[in-house]
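Chemist: Have a look at this one before I ask anything.
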Amino acid sequence: MTTTTPAPAIRPAAPSRPRPHAPESGPWVGRPVDRRDGPTKTTGTATFSAEYQLPDLAHGWLVHAPIARARITAIDDAAARAHPGVLTVLSHLNTPRLKPSPARPSLLDMSTMVGGTRVDYLGTDEVFFDGQPVAVVVAESLEAAQYAASLVQVDYAPLPATIDFAAAAAAGRATPVKQSLGMPTLVGSVGDADAALGRAAHVVDLHFTTPGHNHNALEPHATTAVWDGDRVTVWDATQGIDWFRKHLALRFDVPVESVRVIAPFVGGGFGGKGSVWAGTLLTVLAARVTGRPVRMALSREAVNRVVGGRTPTRQRVALGADADGRLTSVIHEAVLRNSPVGGGPEQVVGASGDLYASPHVRLVTSMVTLDLVPNTFMRAPGESTGSFGLESAVDQLAHDLGVDPLELRLRNEPETSALHHRAFSHRRIRELLHVGAEAFGWADRTPGGRRDGSQLVGHGLALAYHPAWEFPANVTLLLRRDGTALLRCGFQEMGMGTATVQAQVVADALGIPFDAVHVDYGDSDLPIAPNAGGSTQSASIAAAVLRSAAKLRRAVSQLHQRPGESLAQTLTRVGRDVEVSVGSDVGVGAAATSVRFIATTLLNQRRWVRAASGAHFCEVRVDADTGEVRVTRWVGAFDIGTVLNAKTAASQLRGGIVMGLGLALTEETVVDGRTGRIMNAGLAEYHVPTHADVPHIDIHLLDDPDPTMPLGVLGAGEVGITGVGAAIANAVFDATGRRVTDLPLTLDRVAP
Amino acid sequence: MRPVDYVRPLDVAEVLTLVAERPAARFLGGGTNLIDLIRQGVERPDTLVDTTALPLAGIDTALGGGLRIGATTRNSDLADDHLVRTRYPLLAQAVLAGASGQLRNMATVGGNLHQRTRCPYFVDRESPCNKREPGSGCGALEGIGRSTAVLGTSDHCIAVHPSDMAVALTALEAQVELTGPRGTRQVAMGDFHLAPGETPHLETVTQADELVTAVLLPPPSLGVARYRKVRDRASYAFALVSVAALLDVHDGQIRQARLGLGGVATTPWRAHAAELVLVGAAPTDEVFEAAAAAELAPAKSLPDNAFKVQLARRTIVATLRRLRADGSAS
């Protein structure tokens with residue numbers, strides 16, 4: 001049972017282990033090594049999926065339906081076809097149908113989960129969301145394809161559509177979600193949270209809303225595809241080379257071996273390139289039908305219309321506490337949305353079962369189904385928006401009690417997770433609060449804010465939290481007699497520094513210099529890498545690298561390795577190279593990997609709560625006249641387990657915080673409630689933070705290995721964005737006394 | 001993109017001959033707005049007449065102490081010009097508040113005066129819009145309206161004029177020089193942009209056969225001036241409200257006041273009603289409040305943009321208070 005612990009007084013910052021500051025010698029892991037792809041990208045020589053030059057390359061362009069629900073009654077493509085350079089206009093009238101996307105995804109084959117929608121593109125006359133591609137023009141030039149696409153006339157018979165999220169949620173049309181085994185927490189209950197809330201000495205009961213968000217990675221979704229008989233090569237902007245490969249094989253009804261997916265560099269994914277969306281499918285289809293290599297890079301508008309984004313949320317967070325501020329009840333309810341053709345729940349409420357001690361907890365998730373492009377993964381799906389609700393409510397409770405919000409969090413630090421009474425594999429939230437507070441000067445602030453000229457200055461804090469998972473990864477590792485090594489693994493370099501970091505892991509595992517390690521990646525011809533999602537990739541590949549290195553050491557030891565001799569020295573002496581592999585891409589080996597993965601995942605989930613965590617501290621300045629909020633200072637202290645590379649890890653976390661600034665202050669997908677059409681499908685009006693919006697961000701890393709994760713790594717990709725919305729809202733509250741519960745925190749919500 | 005002819009004439013006479021023959025031609029300055037609109041299918045010119053090779057760039061002192069700003073002067077050069085920065089800081093501030101560095105490097109003064117609204121229904125070819133397609137209706141009246149106008153609106157259009165530069169030029173009482181087959185004429189900034197009324201597709205007095213060749217600034221006024229832009233993010237965002245204000249206080253009395261408003265009106269808005277309250281009065285908070293109230297009394301708001309009325313009031317008052325402080329410090 002969870003018991004409340006005595007409230008500790010705020011202590012001076014606990015001594016933490018020294019952070020890795022560019023050690024000159026010793027292990028490579030942890031060093032702030034520059035990314036190997038840095039010079040390639042900054043000099044413009046990295047080749048992205050829309051940049052491969054093929055002979056006879058043709059260009060595709062989409063025709064979108066400007067209506068949410070309809071049947072196509074006629075398509076007139078005569079003018080488009082007559083335009084010089086047009087090769088064909090593909091629509092449901094003339095195009096071979098793809099095999100359907102699996103209706104029921106299976107954990108055993110994760111590629112079944114990556115269909116962004118279940119729409120049978122160009123195989124149906126039915127329109128399921130505004131922006132759905134209904135035709136593809138293929139032409140000799142991009143310009144011809146674009147212009148001809150504007151000449152395609154499509155007539156529609158409208159069908160009734162459900163669009164309005166707030167109205168559907170308010171009308172009670174939300175359906176409760178059931179908890180699936182092995183999946184993140186969506187539902188759960190312990191004790192009687194409602195009764196405990198009724199008895200509580202202090203109650204905070206707040207309702208929150210967050211809007212939908214669109215993916216706007218720097219690189220748009222882009223595909224180049226060429227068929228050779230029944231074999232196809234696809235250069236694609238993808239976060240999951242293997243899952244895309246298998247999904248394409250399924251949809252185009254060819255053996256997996258016939259599909260090759262190449263993606264060394266991806267210009268940002270954030271979840272938006274974790275699923276196969278229309279652009280990929282229709283490029284491969286256009287190449288098959290025309291017999292030509294086809295390239296299609298989506299326009300910024302098309303990315304906004306055909307690729308899903310973050311679900312909007314409506315949340316209720318109710319907290320009950322005793323007179324000392326110890327939580328007695330935590331209730332977190334969330335209403336989300338999906339679509340009849342895809343999307344799914346996000347773990348908005350999950351962290352509320354782990355973050356604080358409480359004898360009574362009730363978590364609920366429900367969904368409304370709307371005729372909009374389905375929602376999809378977006379950096380910390382669920383946790384990013386759920387943490388806004390929970391951490392705002394905790395801040396409000398601290399204010400109501402007259403307790404420092406840092407102190408209130410210390411008082412409610414749990415021994416085991418409140419919801420499942422499971423042990424934490426690793427929990428350093430007390431240290432994070434102390435380290436962050438010390439760096440920020442939290443104790444020196446003026447609670448309740450202060451005025452500086454026409455500006456109201458306030459400070460806020462919120463916790464960050466993201467579960468840690470791992471996936472299977474296959475690698476081969478070759479150590480040559482000349483002392484160099486080659487790691488082969490089919491991941492993509494998406495900006496996180498994966499190749500650099502895994503070379504550091506190899507260097508340490510084999511006792512060779514970092515520069516002696518080469519990494520081959522970005523191709524489905526290589527051993528299968530996990531999808532880059534859920535902050536899992538580094539830990540998952542590192543685990544395989546460590547296993548392969550152990551295997552390699554065993555193999556070398558059988559080559560009469562002499563005492564004191566390094567692996568490379570032995571190979572030089574015996575004049576041999578040794579290569580080992582971990583994991584099997586096909587057949588019984590692959591099936592065994594899947595089964596072992598599911599068993600391990602379920603077992604680990606029952607044994608431990610594993611998560612990366614952090615503490616955000618920020619300063620905001622609110623214009624007293626206009627309500628404009630500008631963030632002026634940021635400190636984030638993080639526990640991501642072992643830090644593989646202090647530079648790339650800090651960049652990942654900073655990037656998460658920057659994305660969180662957008663979530664907090666500006667980002668919102670604006671849908672016209674009458675039509676279901678996105679009205680800000682571009683970067684001029686969909687406001688991501690500009691440089692001028694981003695303050696200096698000071699990152700502190702505990703670098704304390706998690707004892708249960710490979711190499712002690714907990715993942716850094718997503719935890720940074722969690723809690724950012726609440727930290728800013730809490731600082732705005734501190735500055736203005738106004739508790740804003742709706743995101744984004746635009747000036748009209750903040751202004752007096 | 002639609003096929004389009006492109007020409008880059010070297011002198012104004014050649015331009016005038018060209019556009020006389022091609023009524024569907026459009027002038028291309030920096031292209032920061034027009035090219036987007038062509039890509040979006042909103043603008044459909046048959047010819048692009050690139051004005052950037054014309055001998056029109058440059059800023060010169062004009063007779064009588066004003067400035068003559070050539071129409072193809074880039075926004076960056078305008079904001080960076082020594083004379084503009086020292087004698088018309090209001091204009092430099094307004095230009096620098098607009099767009100982004102990259103866009104300002106491209107955008108021209110003449111193009112800026114003719115830039116078009118970013119109303120989401122105007123830029124979306126699939127939506128009804130009386131400005132883009134006369135008679136098709138207004139999507140914004142009952143639609144997404146956070147950006148829309150509260151002043152100068154009609155039942156046909158509530159789209160906001162997006163320019164920062166033009167708001168400052170309005171407050172500075174600039175003149176626009178137009179050159180056409182009938183010669184050259186000057187139009188006051190206050191008369192240059194047209195209220196939407198029943199013809200929201202007509203936005204300026206510029207005729208199809210005319211080219212803006214310069215903007216003329218009168219000699220600088222006495223007093224202190226400021227451009228205050230309120231927006232959703234710190235850069236690269238259109239104004240929700242902007243105030244271009246000039247205040248000249250002498251012996252405890254406002255001798256001159258000029259006020260332009262952006263982000264709230266269908267044209268770069270000269271706040272004459274507010275100026276009437278201010279001139280001759282003492283520069284007190286109460287007078288500032290009364291001036292703002294007078295200007296905003298006719299404001300017509302919708303649920304989505306109702307906040308702009310209060311925001312405009314508070315920003316006008318805050319800017320005038322700031323100028324009062326600036327003035328007493330100088």
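Letters for chains follow the order of the structure tokens (A, B, ...), residue numbers begin at 1 for each chain, and ligand numbers begin at 1 in the order shown.
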Would you list which chain B residues are within 9 Å of chain A using only C-alpha atoms, as an mmCIF file with N, CA and C atoms, in the first residue's frame?

Modeler:
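For reference, out_15.cif as written:
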data_model
loop_
_atom_site.group_PDB
_atom_site.id
_atom_site.type_symbol
_atom_site.label_atom_id
_atom_site.label_comp_id
_atom_site.auth_asym_id
_atom_site.auth_seq_id
_atom_site.Cartn_x
_atom_site.Cartn_y
_atom_site.Cartn_z
ATOM 1 N N MET B 1 1.472 25.325 -60.691
ATOM 2 C CA MET B 1 1.299 26.758 -60.923
ATOM 3 C C MET B 1 0.803 26.994 -62.351
ATOM 4 N N ARG B 2 -0.088 27.945 -62.502
ATOM 5 C CA ARG B 2 -0.592 28.283 -63.839
ATOM 6 C C ARG B 2 0.543 28.836 -64.691
ATOM 7 N N PRO B 3 0.515 28.534 -65.949
ATOM 8 C CA PRO B 3 1.499 29.144 -66.841
ATOM 9 C C PRO B 3 1.307 30.666 -66.831
ATOM 10 N N GLY B 41 -3.761 29.718 -55.959
ATOM 11 C CA GLY B 41 -4.851 29.840 -56.928
ATOM 12 C C GLY B 41 -5.750 31.026 -56.643
ATOM 13 N N ARG B 118 -4.647 38.442 -45.168
ATOM 14 C CA ARG B 118 -4.422 37.010 -44.905
ATOM 15 C C ARG B 118 -5.670 36.353 -44.312
ATOM 16 N N PRO B 120 -8.315 33.928 -43.583
ATOM 17 C CA PRO B 120 -8.229 32.527 -44.008
ATOM 18 C C PRO B 120 -9.211 32.168 -45.125
ATOM 19 N N TYR B 121 -10.298 32.898 -45.224
ATOM 20 C CA TYR B 121 -11.279 32.580 -46.269
ATOM 21 C C TYR B 121 -10.874 33.194 -47.612
ATOM 22 N N ASP B 124 -7.979 30.851 -49.066
ATOM 23 C CA ASP B 124 -8.373 29.467 -49.345
ATOM 24 C C ASP B 124 -9.341 29.442 -50.515
ATOM 25 N N GLU B 126 -11.030 27.306 -51.765
ATOM 26 C CA GLU B 126 -12.239 26.482 -51.633
ATOM 27 C C GLU B 126 -13.325 27.165 -50.803
ATOM 28 N N SER B 127 -12.994 28.283 -50.168
ATOM 29 C CA SER B 127 -13.961 28.941 -49.287
ATOM 30 C C SER B 127 -14.628 30.108 -50.002
ATOM 31 N N GLY B 143 -17.574 32.506 -39.429
ATOM 32 C CA GLY B 143 -16.552 31.468 -39.370
ATOM 33 C C GLY B 143 -15.469 31.789 -38.364
ATOM 34 N N ILE B 144 -14.258 31.319 -38.695
ATOM 35 C CA ILE B 144 -13.101 31.567 -37.840
ATOM 36 C C ILE B 144 -12.756 33.034 -37.955
ATOM 37 N N VAL B 230 1.110 44.466 -31.337
ATOM 38 C CA VAL B 230 0.721 43.391 -30.419
ATOM 39 C C VAL B 230 0.399 42.162 -31.257
ATOM 40 N N ARG B 231 1.049 41.057 -30.927
ATOM 41 C CA ARG B 231 0.886 39.872 -31.780
ATOM 42 C C ARG B 231 1.044 38.602 -30.963
ATOM 43 N N ASP B 232 0.712 37.481 -31.601
ATOM 44 C CA ASP B 232 0.697 36.207 -30.885
ATOM 45 C C ASP B 232 2.088 35.641 -30.639
ATOM 46 N N ARG B 233 3.040 35.954 -31.498
ATOM 47 C CA ARG B 233 4.397 35.517 -31.202
ATOM 48 C C ARG B 233 5.352 36.675 -31.497
ATOM 49 N N ALA B 234 6.595 36.510 -31.076
ATOM 50 C CA ALA B 234 7.489 37.661 -31.022
ATOM 51 C C ALA B 234 7.954 38.125 -32.396
ATOM 52 N N SER B 235 7.828 37.272 -33.410
ATOM 53 C CA SER B 235 8.252 37.636 -34.750
ATOM 54 C C SER B 235 7.379 36.891 -35.750
ATOM 55 N N TYR B 236 7.359 37.382 -36.983
ATOM 56 C CA TYR B 236 6.666 36.687 -38.067
ATOM 57 C C TYR B 236 5.215 36.339 -37.688
ATOM 58 N N ALA B 237 4.486 37.383 -37.286
ATOM 59 C CA ALA B 237 3.051 37.223 -37.031
ATOM 60 C C ALA B 237 2.401 38.565 -37.327
ATOM 61 N N PHE B 238 1.204 38.508 -37.890
ATOM 62 C CA PHE B 238 0.493 39.742 -38.169
ATOM 63 C C PHE B 238 -0.017 40.347 -36.867
ATOM 64 N N PHE B 307 -12.363 40.524 -28.462
ATOM 65 C CA PHE B 307 -11.237 40.901 -27.614
ATOM 66 C C PHE B 307 -10.445 42.070 -28.193
ATOM 67 N N LYS B 308 -10.536 42.234 -29.519
ATOM 68 C CA LYS B 308 -9.718 43.266 -30.145
ATOM 69 C C LYS B 308 -10.133 44.675 -29.738
ATOM 70 N N LEU B 311 -8.508 45.227 -26.478
ATOM 71 C CA LEU B 311 -7.060 45.210 -26.694
ATOM 72 C C LEU B 311 -6.605 46.505 -27.370
ATOM 73 N N ALA B 312 -7.397 46.969 -28.347
ATOM 74 C CA ALA B 312 -7.052 48.211 -29.039
ATOM 75 C C ALA B 312 -7.112 49.377 -28.064
ATOM 76 N N ARG B 314 -6.723 49.366 -24.830
ATOM 77 C CA ARG B 314 -5.622 49.323 -23.863
ATOM 78 C C ARG B 314 -4.283 49.644 -24.540
ATOM 79 N N THR B 315 -4.143 49.205 -25.787
ATOM 80 C CA THR B 315 -2.863 49.449 -26.467
ATOM 81 C C THR B 315 -2.723 50.922 -26.851
ATOM 82 N N VAL B 317 -4.057 53.465 -25.233
ATOM 83 C CA VAL B 317 -3.789 54.204 -23.993
ATOM 84 C C VAL B 317 -2.360 53.971 -23.526
ATOM 85 N N ALA B 318 -1.919 52.698 -23.577
ATOM 86 C CA ALA B 318 -0.557 52.371 -23.113
ATOM 87 C C ALA B 318 0.482 53.063 -23.982
#

Chemist: Can you tell me which residues surround segment 31-34 of chain A at a distance of at most 10 Å, considering only C-alpha atoms, apart from same-chain residues fewer than 2 positions away, and format the answer as an mmCIF file with N, CA, C and O atoms, in the first residue's frame?

Modeler:
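What landed in out_25.cif:
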data_model
loop_
_atom_site.group_PDB
_atom_site.id
_atom_site.type_symbol
_atom_site.label_atom_id
_atom_site.label_comp_id
_atom_site.auth_asym_id
_atom_site.auth_seq_id
_atom_site.Cartn_x
_atom_site.Cartn_y
_atom_site.Cartn_z
ATOM 1 N N PRO A 20 28.386 15.086 -17.198
ATOM 2 C CA PRO A 20 29.491 14.851 -18.124
ATOM 3 C C PRO A 20 29.847 16.134 -18.863
ATOM 4 O O PRO A 20 29.043 16.660 -19.609
ATOM 5 N N HIS A 21 30.990 16.660 -18.604
ATOM 6 C CA HIS A 21 31.433 17.863 -19.312
ATOM 7 C C HIS A 21 32.682 17.526 -20.110
ATOM 8 O O HIS A 21 33.797 17.734 -19.660
ATOM 9 N N ALA A 22 32.472 16.993 -21.265
ATOM 10 C CA ALA A 22 33.556 16.754 -22.215
ATOM 11 C C ALA A 22 34.807 16.124 -21.603
ATOM 12 O O ALA A 22 35.883 16.712 -21.641
ATOM 13 N N PRO A 23 34.663 14.934 -21.026
ATOM 14 C CA PRO A 23 35.873 14.295 -20.520
ATOM 15 C C PRO A 23 36.823 14.028 -21.682
ATOM 16 O O PRO A 23 36.403 13.697 -22.782
ATOM 17 N N GLU A 24 38.079 14.207 -21.444
ATOM 18 C CA GLU A 24 39.067 14.057 -22.511
ATOM 19 C C GLU A 24 39.405 12.590 -22.756
ATOM 20 O O GLU A 24 39.852 12.208 -23.818
ATOM 21 N N SER A 25 39.259 11.802 -21.723
ATOM 22 C CA SER A 25 39.580 10.392 -21.876
ATOM 23 C C SER A 25 38.497 9.572 -21.191
ATOM 24 O O SER A 25 37.522 10.124 -20.694
ATOM 25 N N GLY A 26 38.694 8.260 -21.156
ATOM 26 C CA GLY A 26 37.698 7.405 -20.540
ATOM 27 C C GLY A 26 36.653 7.023 -21.555
ATOM 28 O O GLY A 26 36.878 7.143 -22.767
ATOM 29 N N PRO A 27 35.490 6.582 -21.079
ATOM 30 C CA PRO A 27 34.478 6.050 -21.990
ATOM 31 C C PRO A 27 33.995 7.097 -23.001
ATOM 32 O O PRO A 27 33.991 8.299 -22.716
ATOM 33 N N TRP A 28 33.622 6.629 -24.162
ATOM 34 C CA TRP A 28 33.021 7.510 -25.174
ATOM 35 C C TRP A 28 31.582 7.818 -24.842
ATOM 36 O O TRP A 28 31.085 8.895 -25.149
ATOM 37 N N VAL A 29 30.892 6.870 -24.216
ATOM 38 C CA VAL A 29 29.494 7.096 -23.860
ATOM 39 C C VAL A 29 29.421 8.237 -22.855
ATOM 40 O O VAL A 29 30.157 8.245 -21.874
ATOM 41 N N ARG A 36 27.718 13.226 -36.294
ATOM 42 C CA ARG A 36 28.406 12.910 -37.551
ATOM 43 C C ARG A 36 27.655 13.457 -38.764
ATOM 44 O O ARG A 36 28.247 13.733 -39.798
ATOM 45 N N ASP A 37 26.334 13.589 -38.633
ATOM 46 C CA ASP A 37 25.563 14.098 -39.767
ATOM 47 C C ASP A 37 25.543 15.627 -39.790
ATOM 48 O O ASP A 37 24.956 16.217 -40.692
ATOM 49 N N GLY A 38 26.186 16.253 -38.823
ATOM 50 C CA GLY A 38 26.146 17.718 -38.745
ATOM 51 C C GLY A 38 26.705 18.404 -39.977
ATOM 52 O O GLY A 38 25.992 19.160 -40.657
ATOM 53 N N PRO A 39 27.984 18.148 -40.323
ATOM 54 C CA PRO A 39 28.552 18.809 -41.509
ATOM 55 C C PRO A 39 27.779 18.469 -42.785
ATOM 56 O O PRO A 39 27.579 19.330 -43.648
ATOM 57 N N GLY A 497 20.869 12.199 -33.766
ATOM 58 C CA GLY A 497 22.262 11.784 -33.593
ATOM 59 C C GLY A 497 22.411 10.298 -33.339
ATOM 60 O O GLY A 497 23.378 9.860 -32.711
ATOM 61 N N THR A 500 25.741 8.653 -34.439
ATOM 62 C CA THR A 500 26.846 9.128 -33.606
ATOM 63 C C THR A 500 26.844 8.412 -32.262
ATOM 64 O O THR A 500 27.873 7.904 -31.788
ATOM 65 N N VAL A 501 25.677 8.393 -31.658
ATOM 66 C CA VAL A 501 25.561 7.840 -30.307
ATOM 67 C C VAL A 501 25.839 6.337 -30.310
ATOM 68 O O VAL A 501 26.545 5.819 -29.427
ATOM 69 N N GLN A 504 29.410 5.635 -30.403
ATOM 70 C CA GLN A 504 30.021 5.789 -29.073
ATOM 71 C C GLN A 504 29.841 4.503 -28.261
ATOM 72 O O GLN A 504 30.764 4.054 -27.573
ATOM 73 N N PHE A 514 36.378 5.992 -31.122
ATOM 74 C CA PHE A 514 35.111 6.386 -31.758
ATOM 75 C C PHE A 514 35.264 6.494 -33.273
ATOM 76 O O PHE A 514 34.407 6.030 -34.036
ATOM 77 N N VAL A 643 23.258 9.171 -19.762
ATOM 78 C CA VAL A 643 23.350 10.126 -20.869
ATOM 79 C C VAL A 643 24.352 9.568 -21.872
ATOM 80 O O VAL A 643 25.528 9.416 -21.566
ATOM 81 N N LEU A 644 23.889 9.228 -23.059
ATOM 82 C CA LEU A 644 24.777 8.626 -24.051
ATOM 83 C C LEU A 644 25.696 9.671 -24.671
ATOM 84 O O LEU A 644 26.844 9.394 -25.008
ATOM 85 N N ASN A 645 25.159 10.874 -24.866
ATOM 86 C CA ASN A 645 25.929 11.960 -25.474
ATOM 87 C C ASN A 645 25.344 13.254 -24.919
ATOM 88 O O ASN A 645 24.195 13.594 -25.198
ATOM 89 N N ALA A 646 26.144 13.944 -24.110
ATOM 90 C CA ALA A 646 25.603 15.100 -23.378
ATOM 91 C C ALA A 646 25.103 16.193 -24.318
ATOM 92 O O ALA A 646 24.184 16.937 -23.996
ATOM 93 N N LYS A 647 25.688 16.262 -25.508
ATOM 94 C CA LYS A 647 25.286 17.313 -26.444
ATOM 95 C C LYS A 647 23.967 16.977 -27.140
ATOM 96 O O LYS A 647 23.043 17.791 -27.166
ATOM 97 N N THR A 648 23.898 15.765 -27.698
ATOM 98 C CA THR A 648 22.669 15.415 -28.421
ATOM 99 C C THR A 648 21.496 15.268 -27.452
ATOM 100 O O THR A 648 20.364 15.606 -27.793
ATOM 101 N N ALA A 649 21.782 14.780 -26.235
ATOM 102 C CA ALA A 649 20.696 14.630 -25.256
ATOM 103 C C ALA A 649 20.142 16.000 -24.885
ATOM 104 O O ALA A 649 18.920 16.209 -24.858
ATOM 105 N N ALA A 650 21.050 16.952 -24.618
ATOM 106 C CA ALA A 650 20.572 18.297 -24.261
ATOM 107 C C ALA A 650 19.800 18.915 -25.422
ATOM 108 O O ALA A 650 18.789 19.592 -25.214
#

Chemist: Residues near Pro268 of chain B, anyone? I mean within 6 Å using only C-alpha atoms, not counting same-chain ones fewer than 2 positions away, as a list in words.

Modeler: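 Once the nearby chain positions are removed, what remains is Ala166, Val167 and Gly262 of chain B.
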
Chemist: Write out as JSON, numbers by chain the residues lying within 9 Å of Glu203 of chain B, counting only C-alpha atoms and excluding same-chain residues fewer than 2 positions away.

Modeler: {"B": [114, 116, 131, 192, 193, 194, 195, 196, 199, 200, 201, 205, 206, 267]}

Chemist: Restricting the calculation to only C-alpha atoms, which member of A:Val190, A:Leu108, A:Ala74, A:Ala217 is positioned closest to Ala135 of chain A?

Modeler: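 Among the listed residues, A:Ala74 lies closest to Ala135 of chain A.
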
Chemist: So which residues of segment 219-321 of chain B fall under strand (DSSP E) by DSSP, listed as a list in words?

Modeler: Val224, Ala225, Arg226, Tyr227, Arg228, Lys229, Val230, Val241, Ser242, Val243, Ala244, Ala245, Leu246, Leu247, Asp248, Val249, His250, Gln253, Ile254, Arg255, Gln256, Ala257, Arg258, Leu259, Gly260, Leu261, Gly262, Trp269 and Arg270 of chain B

Chemist: Near Glu407 of chain A, counting only C-alpha atoms, which residues have an atom at most 12 Å away, once you skip same-chain residues fewer than 2 positions from it, shown as a PyMOL selection string?

Modeler: chain A and resi 6-11+324-326+394-395+397-399+401-405+409-413+430+433-434+437+442-443+461

Chemist: What residues in segment 532-711 of chain A get the DSSP label alpha helix (DSSP H)? Please answer as a ChimeraX atom specification.

Modeler: /A:537-557,567-574,587-607,646-665

Chemist: A:Pro710, A:Met496, A:Thr365, A:Gly448: which is nearest Thr175 of chain A, counting only C-alpha atoms?

Modeler: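 Ranking A:Pro710, A:Met496, A:Thr365, A:Gly448 by distance to Thr175 of chain A, first place goes to A:Thr365.
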
Chemist: May I ask for the distance between atom CA of Asp742 of chain A and atom CA of Thr209 of chain A, given in Å to one decimal place?

Modeler: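 Distance between the two atoms: 4.8 Å.
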
Chemist: For Pro55 of chain B, which residue among B:Leu10, B:Val243, B:Val84, B:Leu169 is the nearest when counting only C-alpha atoms?

Modeler: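 Among the listed residues, B:Leu10 lies closest to Pro55 of chain B.
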
Chemist: What's the separation between atom CA of Ile528 of chain A and atom CA of Thr476 of chain A, in Å to one decimal place?

Modeler: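 Spanning atom CA of Ile528 of chain A to atom CA of Thr476 of chain A is a straight-line distance of 10.0 Å.
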
Chemist: Point out the residue among B:Met165, B:Leu302, B:Ala290, B:Leu28 with the least atom-to-atom distance to Leu78 of chain B, counting only C-alpha atoms.

Modeler: B:Met165

Chemist: Identify, on the basis of only C-alpha atoms, every residue whose closest approach to segment 274-276 of chain B does not exceed 6 Å; exclude the query and any residue fewer than 3 positions from it along the same chain; express the result as a list in words.

Modeler: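 The residues that qualify are Ala257, Ala271, Val279, Ala291, Ala292, Ala294 and Glu295 of chain B.
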